file target_18.cif (mmCIF, C-alpha atoms, pLDDT in the B column; chains and numbers go by the auth columns)
data_my_file
#
loop_
_atom_site.group_PDB
_atom_site.id
_atom_site.type_symbol
_atom_site.label_atom_id
_atom_site.label_comp_id
_atom_site.label_asym_id
_atom_site.label_seq_id
_atom_site.Cartn_x
_atom_site.Cartn_y
_atom_site.Cartn_z
_atom_site.B_iso_or_equiv
_atom_site.auth_seq_id
_atom_site.auth_asym_id
ATOM 1 C CA MET A 1 7.359 103.176 153.058 50.00 1 A
ATOM 2 C CA THR A 2 8.831 106.669 153.336 59.00 2 A
ATOM 3 C CA THR A 3 10.807 106.234 150.119 55.00 3 A
ATOM 4 C CA THR A 4 7.622 105.293 148.275 56.00 4 A
ATOM 5 C CA LYS A 5 5.793 108.402 149.544 59.00 5 A
ATOM 6 C CA VAL A 6 8.689 110.648 148.571 48.00 6 A
ATOM 7 C CA GLY A 7 8.725 109.076 145.099 48.00 7 A
ATOM 8 C CA ARG A 8 5.007 109.648 144.688 57.00 8 A
ATOM 9 C CA VAL A 9 5.293 113.263 145.793 47.00 9 A
ATOM 10 C CA LEU A 10 8.142 113.878 143.342 46.00 10 A
ATOM 11 C CA ALA A 11 6.237 112.191 140.536 47.00 11 A
ATOM 12 C CA THR A 12 3.165 114.313 141.284 48.00 12 A
ATOM 13 C CA LEU A 13 5.258 117.486 141.277 41.00 13 A
ATOM 14 C CA GLY A 14 6.823 116.489 137.964 45.00 14 A
ATOM 15 C CA VAL A 15 3.441 115.916 136.343 42.00 15 A
ATOM 16 C CA ALA A 16 2.122 119.212 137.720 42.00 16 A
ATOM 17 C CA ALA A 17 5.164 121.082 136.417 41.00 17 A
ATOM 18 C CA ALA A 18 4.857 119.487 132.994 42.00 18 A
ATOM 19 C CA ALA A 19 1.157 120.327 132.837 42.00 19 A
ATOM 20 C CA THR A 20 1.951 123.948 133.639 43.00 20 A
ATOM 21 C CA ILE A 21 4.939 124.381 131.324 43.00 21 A
ATOM 22 C CA THR A 22 3.687 122.517 128.240 41.00 22 A
ATOM 23 C CA PRO A 23 0.834 124.909 127.293 46.00 23 A
ATOM 24 C CA ILE A 24 3.104 127.914 127.753 42.00 24 A
ATOM 25 C CA ALA A 25 5.859 126.410 125.613 43.00 25 A
ATOM 26 C CA ALA A 26 3.415 125.295 122.945 44.00 26 A
ATOM 27 C CA ALA A 27 1.584 128.644 122.787 43.00 27 A
ATOM 28 C CA ALA A 28 4.646 130.802 122.284 41.00 28 A
ATOM 29 C CA PRO A 29 5.589 129.576 118.787 45.00 29 A
ATOM 30 C CA ALA A 30 1.978 129.587 117.626 47.00 30 A
ATOM 31 C CA SER A 31 1.372 133.170 118.664 48.00 31 A
ATOM 32 C CA ALA A 32 4.702 134.256 117.230 48.00 32 A
ATOM 33 C CA ALA A 33 3.787 132.671 113.894 52.00 33 A
ATOM 34 C CA ALA A 34 0.309 134.168 113.905 59.00 34 A
ATOM 35 C CA SER A 35 1.664 137.645 114.544 69.00 35 A
ATOM 36 C CA MET A 36 3.969 137.272 111.518 75.00 36 A
ATOM 37 C CA TYR A 37 1.027 137.114 109.170 82.00 37 A
ATOM 38 C CA SER A 38 -1.628 138.899 111.184 91.00 38 A
ATOM 39 C CA GLY A 39 -1.632 141.690 108.584 93.00 39 A
ATOM 40 C CA CYS A 40 -2.897 139.197 106.034 95.00 40 A
ATOM 41 C CA LEU A 41 -5.521 137.757 108.358 95.00 41 A
ATOM 42 C CA ASN A 42 -6.741 141.174 109.482 95.00 42 A
ATOM 43 C CA TYR A 43 -6.991 142.465 105.922 96.00 43 A
ATOM 44 C CA VAL A 44 -9.029 139.467 104.771 97.00 44 A
ATOM 45 C CA LYS A 45 -11.308 139.829 107.797 96.00 45 A
ATOM 46 C CA SER A 46 -11.699 143.593 107.226 97.00 46 A
ATOM 47 C CA LYS A 47 -13.038 142.846 103.739 97.00 47 A
ATOM 48 C CA GLY A 48 -15.860 140.740 105.185 96.00 48 A
ATOM 49 C CA TYR A 49 -14.463 137.242 104.752 97.00 49 A
ATOM 50 C CA VAL A 50 -14.587 134.623 107.486 95.00 50 A
ATOM 51 C CA VAL A 51 -11.100 133.844 108.767 95.00 51 A
ATOM 52 C CA GLY A 52 -10.806 130.124 109.371 94.00 52 A
ATOM 53 C CA PRO A 53 -8.237 127.367 108.957 95.00 53 A
ATOM 54 C CA LYS A 54 -7.946 127.764 105.170 96.00 54 A
ATOM 55 C CA VAL A 55 -7.257 131.489 105.444 96.00 55 A
ATOM 56 C CA TYR A 56 -4.685 130.803 108.186 94.00 56 A
ATOM 57 C CA ALA A 57 -3.024 128.217 105.962 95.00 57 A
ATOM 58 C CA ALA A 58 -2.862 130.586 102.987 96.00 58 A
ATOM 59 C CA CYS A 59 -1.645 133.557 105.041 95.00 59 A
ATOM 60 C CA SER A 60 1.076 131.430 106.613 94.00 60 A
ATOM 61 C CA HIS A 61 3.033 131.754 103.352 94.00 61 A
ATOM 62 C CA GLN A 62 5.079 134.868 103.971 92.00 62 A
ATOM 63 C CA ALA A 63 5.346 137.714 101.511 93.00 63 A
ATOM 64 C CA LEU A 64 8.617 137.896 99.621 92.00 64 A
ATOM 65 C CA ASN A 65 11.045 140.722 100.305 91.00 65 A
ATOM 66 C CA THR A 66 12.514 142.092 97.078 90.00 66 A
ATOM 67 C CA GLY A 67 15.430 143.580 98.995 88.00 67 A
ATOM 68 C CA LEU A 68 14.417 147.060 97.887 91.00 68 A
ATOM 69 C CA GLY A 69 12.036 147.671 100.774 86.00 69 A
ATOM 70 C CA VAL A 70 9.151 146.287 98.740 90.00 70 A
ATOM 71 C CA TRP A 71 7.181 143.180 99.657 91.00 71 A
ATOM 72 C CA ILE A 72 5.363 141.063 97.083 92.00 72 A
ATOM 73 C CA HIS A 73 2.778 138.370 97.679 92.00 73 A
ATOM 74 C CA SER A 74 3.690 134.718 97.804 94.00 74 A
ATOM 75 C CA PRO A 75 2.118 132.742 94.956 96.00 75 A
ATOM 76 C CA ALA A 76 1.133 130.051 97.473 96.00 76 A
ATOM 77 C CA CYS A 77 -0.686 132.598 99.632 96.00 77 A
ATOM 78 C CA LEU A 78 -2.425 134.188 96.656 96.00 78 A
ATOM 79 C CA GLY A 79 -3.488 130.852 95.203 96.00 79 A
ATOM 80 C CA GLY A 80 -4.695 129.603 98.587 96.00 80 A
ATOM 81 C CA LEU A 81 -6.926 132.606 99.148 97.00 81 A
ATOM 82 C CA VAL A 82 -8.280 132.768 95.588 97.00 82 A
ATOM 83 C CA ASN A 83 -9.066 129.040 95.671 97.00 83 A
ATOM 84 C CA ILE A 84 -11.351 129.545 98.675 97.00 84 A
ATOM 85 C CA GLY A 85 -13.252 132.427 97.059 97.00 85 A
ATOM 86 C CA VAL A 86 -11.367 135.564 98.082 97.00 86 A
ATOM 87 C CA LYS A 87 -11.331 138.143 95.273 97.00 87 A
ATOM 88 C CA PRO A 88 -7.912 138.255 93.574 97.00 88 A
ATOM 89 C CA ALA A 89 -7.325 141.941 94.367 97.00 89 A
ATOM 90 C CA VAL A 90 -8.129 141.379 98.060 97.00 90 A
ATOM 91 C CA ALA A 91 -5.983 138.246 98.129 96.00 91 A
ATOM 92 C CA ALA A 92 -3.008 140.034 96.526 95.00 92 A
ATOM 93 C CA GLU A 93 -3.127 142.880 99.018 95.00 93 A
ATOM 94 C CA ALA A 94 -3.614 140.535 101.976 95.00 94 A
ATOM 95 C CA CYS A 95 -0.726 138.317 100.934 95.00 95 A
ATOM 96 C CA THR A 96 1.536 141.340 100.514 95.00 96 A
ATOM 97 C CA ARG A 97 0.870 142.082 104.195 93.00 97 A
ATOM 98 C CA ALA A 98 1.883 138.566 105.318 92.00 98 A
ATOM 99 C CA HIS A 99 5.308 139.381 106.725 83.00 99 A
#

call {"tool": "encode", "arguments": {"input": "target_18.cif", "output": "structure tokens"}}
result
Amino acid sequence: MTTTKVGRVLATLGVAAAATITPIAAAAPASAAASMYSGCLNYVKSKGYVVGPKVYAACSHQALNTGLGVWIHSPACLGGLVNIGVKPAVAAEACTRAH
């Protein structure tokens, strides 16, 4: 009987630990990724557009570094934003900030 109780206690502790650690581990990469392209998201939002899943998807395509200290927009980002109705000039500037 004692072995069974110890096993249950250990199992309960394991489940509790997993429930605590999993959200923390899962949130870290998501917030790191979002901060990479937050410039894009913030720029789109500042121009009056609603930032939802399609904007997140478009802004997730990072700007391209020319190696000369200049960033250029990703064609995938630009196309994604223009396809959902963002003006091309706004989309180009936003996508240039996605790095």

call {"tool": "closest_residue", "arguments": {"input": "target_18.cif", "among": "A:Glu93, A:Cys40, A:Ser46, A:His99", "to": "Gln62 (chain A)", "atoms": "only C-alpha atoms"}}
result
A:His99

call {"tool": "resolve_selection", "arguments": {"input": "target_18.cif", "expression": "the PyMOL selection byres ((chain A and resi 92) around 9)", "output": "PyMOL selection string"}}
result
chain A and resi 72-74+77-78+81+87-91+93-97

call {"tool": "atom_distance", "arguments": {"input": "target_18.cif", "atom1": "CA of Gly69 (chain A)", "atom2": "CA of Val51 (chain A)"}}
result
28.1 Å

call {"tool": "atom_distance", "arguments": {"input": "target_18.cif", "atom1": "CA of Asn42 (chain A)", "atom2": "CA of Ile84 (chain A)"}}
result
16.5 Å

call {"tool": "atom_distance", "arguments": {"input": "target_18.cif", "atom1": "CA of Gly48 (chain A)", "atom2": "CA of Gly85 (chain A)"}}
result
11.9 Å

call {"tool": "resolve_selection", "arguments": {"input": "target_18.cif", "expression": "the PyMOL selection byres ((chain A and resi 56) around 10)", "output": "CSV table (one decimal) with C-alpha atoms, in the coordinates of the input"}}
result
chain,number,residue,atom,x,y,z
A,34,ALA,CA,0.3,134.2,113.9
A,37,TYR,CA,1.0,137.1,109.2
A,38,SER,CA,-1.6,138.9,111.2
A,40,CYS,CA,-2.9,139.2,106.0
A,41,LEU,CA,-5.5,137.8,108.4
A,51,VAL,CA,-11.1,133.8,108.8
A,52,GLY,CA,-10.8,130.1,109.4
A,53,PRO,CA,-8.2,127.4,109.0
A,54,LYS,CA,-7.9,127.8,105.2
A,55,VAL,CA,-7.3,131.5,105.4
A,57,ALA,CA,-3.0,128.2,106.0
A,58,ALA,CA,-2.9,130.6,103.0
A,59,CYS,CA,-1.6,133.6,105.0
A,60,SER,CA,1.1,131.4,106.6
A,61,HIS,CA,3.0,131.8,103.4
A,77,CYS,CA,-0.7,132.6,99.6
A,80,GLY,CA,-4.7,129.6,98.6
A,81,LEU,CA,-6.9,132.6,99.1

call {"tool": "build_atoms", "arguments": {"input": "target_18.cif", "residues": "region 44-55 of chain A", "atoms": "all heavy atoms", "output": "compact mmCIF listing (two decimals), in the coordinates of the input"}}
result
# COMPACT_ATOMS: atom_id res chain seq x y z
N VAL A 44 -7.97 140.33 105.30
CA VAL A 44 -9.03 139.47 104.77
C VAL A 44 -10.30 139.65 105.60
O VAL A 44 -11.40 139.80 105.05
CB VAL A 44 -8.58 137.99 104.76
CG1 VAL A 44 -9.73 137.06 104.41
CG2 VAL A 44 -7.42 137.79 103.78
N LYS A 45 -10.15 139.66 106.91
CA LYS A 45 -11.31 139.83 107.80
C LYS A 45 -11.96 141.19 107.59
O LYS A 45 -13.19 141.30 107.57
CB LYS A 45 -10.87 139.67 109.25
CG LYS A 45 -12.02 139.68 110.22
CD LYS A 45 -11.54 139.40 111.64
CE LYS A 45 -12.71 139.41 112.60
NZ LYS A 45 -12.28 139.13 113.97
N SER A 46 -11.14 142.24 107.41
CA SER A 46 -11.70 143.59 107.23
C SER A 46 -12.52 143.72 105.94
O SER A 46 -13.34 144.62 105.81
CB SER A 46 -10.57 144.63 107.22
OG SER A 46 -9.87 144.63 105.99
N LYS A 47 -12.29 142.83 105.00
CA LYS A 47 -13.04 142.85 103.74
C LYS A 47 -14.29 141.98 103.80
O LYS A 47 -14.94 141.73 102.80
CB LYS A 47 -12.14 142.40 102.58
CG LYS A 47 -10.99 143.36 102.34
CD LYS A 47 -11.52 144.76 102.00
CE LYS A 47 -10.42 145.75 101.78
NZ LYS A 47 -10.91 147.09 101.49
N GLY A 48 -14.61 141.46 104.99
CA GLY A 48 -15.86 140.74 105.18
C GLY A 48 -15.79 139.24 105.04
O GLY A 48 -16.81 138.56 105.08
N TYR A 49 -14.61 138.69 104.88
CA TYR A 49 -14.46 137.24 104.75
C TYR A 49 -14.30 136.61 106.13
O TYR A 49 -13.78 137.23 107.05
CB TYR A 49 -13.24 136.90 103.90
CG TYR A 49 -13.38 137.34 102.46
CD1 TYR A 49 -12.85 138.55 102.03
CD2 TYR A 49 -14.03 136.54 101.52
CE1 TYR A 49 -12.97 138.97 100.72
CE2 TYR A 49 -14.15 136.95 100.19
CZ TYR A 49 -13.62 138.16 99.80
OH TYR A 49 -13.74 138.57 98.50
N VAL A 50 -14.76 135.38 106.25
CA VAL A 50 -14.59 134.62 107.49
C VAL A 50 -13.16 134.09 107.52
O VAL A 50 -12.70 133.48 106.55
CB VAL A 50 -15.61 133.46 107.57
CG1 VAL A 50 -15.35 132.61 108.80
CG2 VAL A 50 -17.03 133.99 107.55
N VAL A 51 -12.48 134.32 108.63
CA VAL A 51 -11.10 133.84 108.77
C VAL A 51 -11.13 132.53 109.52
O VAL A 51 -11.43 132.48 110.70
CB VAL A 51 -10.23 134.89 109.51
CG1 VAL A 51 -8.85 134.34 109.77
CG2 VAL A 51 -10.15 136.17 108.70
N GLY A 52 -10.84 131.46 108.80
CA GLY A 52 -10.81 130.12 109.37
C GLY A 52 -9.51 129.43 109.03
O GLY A 52 -8.54 130.07 108.60
N PRO A 53 -9.47 128.12 109.18
CA PRO A 53 -8.24 127.37 108.96
C PRO A 53 -7.64 127.52 107.55
O PRO A 53 -6.42 127.57 107.41
CB PRO A 53 -8.64 125.92 109.20
CG PRO A 53 -9.94 125.95 109.90
CD PRO A 53 -10.56 127.27 109.61
N LYS A 54 -8.47 127.64 106.54
CA LYS A 54 -7.95 127.76 105.17
C LYS A 54 -7.30 129.13 104.95
O LYS A 54 -6.30 129.24 104.25
CB LYS A 54 -9.05 127.51 104.14
CG LYS A 54 -9.51 126.06 104.13
CD LYS A 54 -10.61 125.83 103.12
CE LYS A 54 -11.07 124.39 103.17
NZ LYS A 54 -12.17 124.14 102.23
N VAL A 55 -7.86 130.16 105.55
CA VAL A 55 -7.26 131.49 105.44
C VAL A 55 -5.94 131.51 106.21
O VAL A 55 -4.94 132.04 105.74
CB VAL A 55 -8.22 132.59 105.95
CG1 VAL A 55 -7.53 133.95 105.98
CG2 VAL A 55 -9.46 132.65 105.08
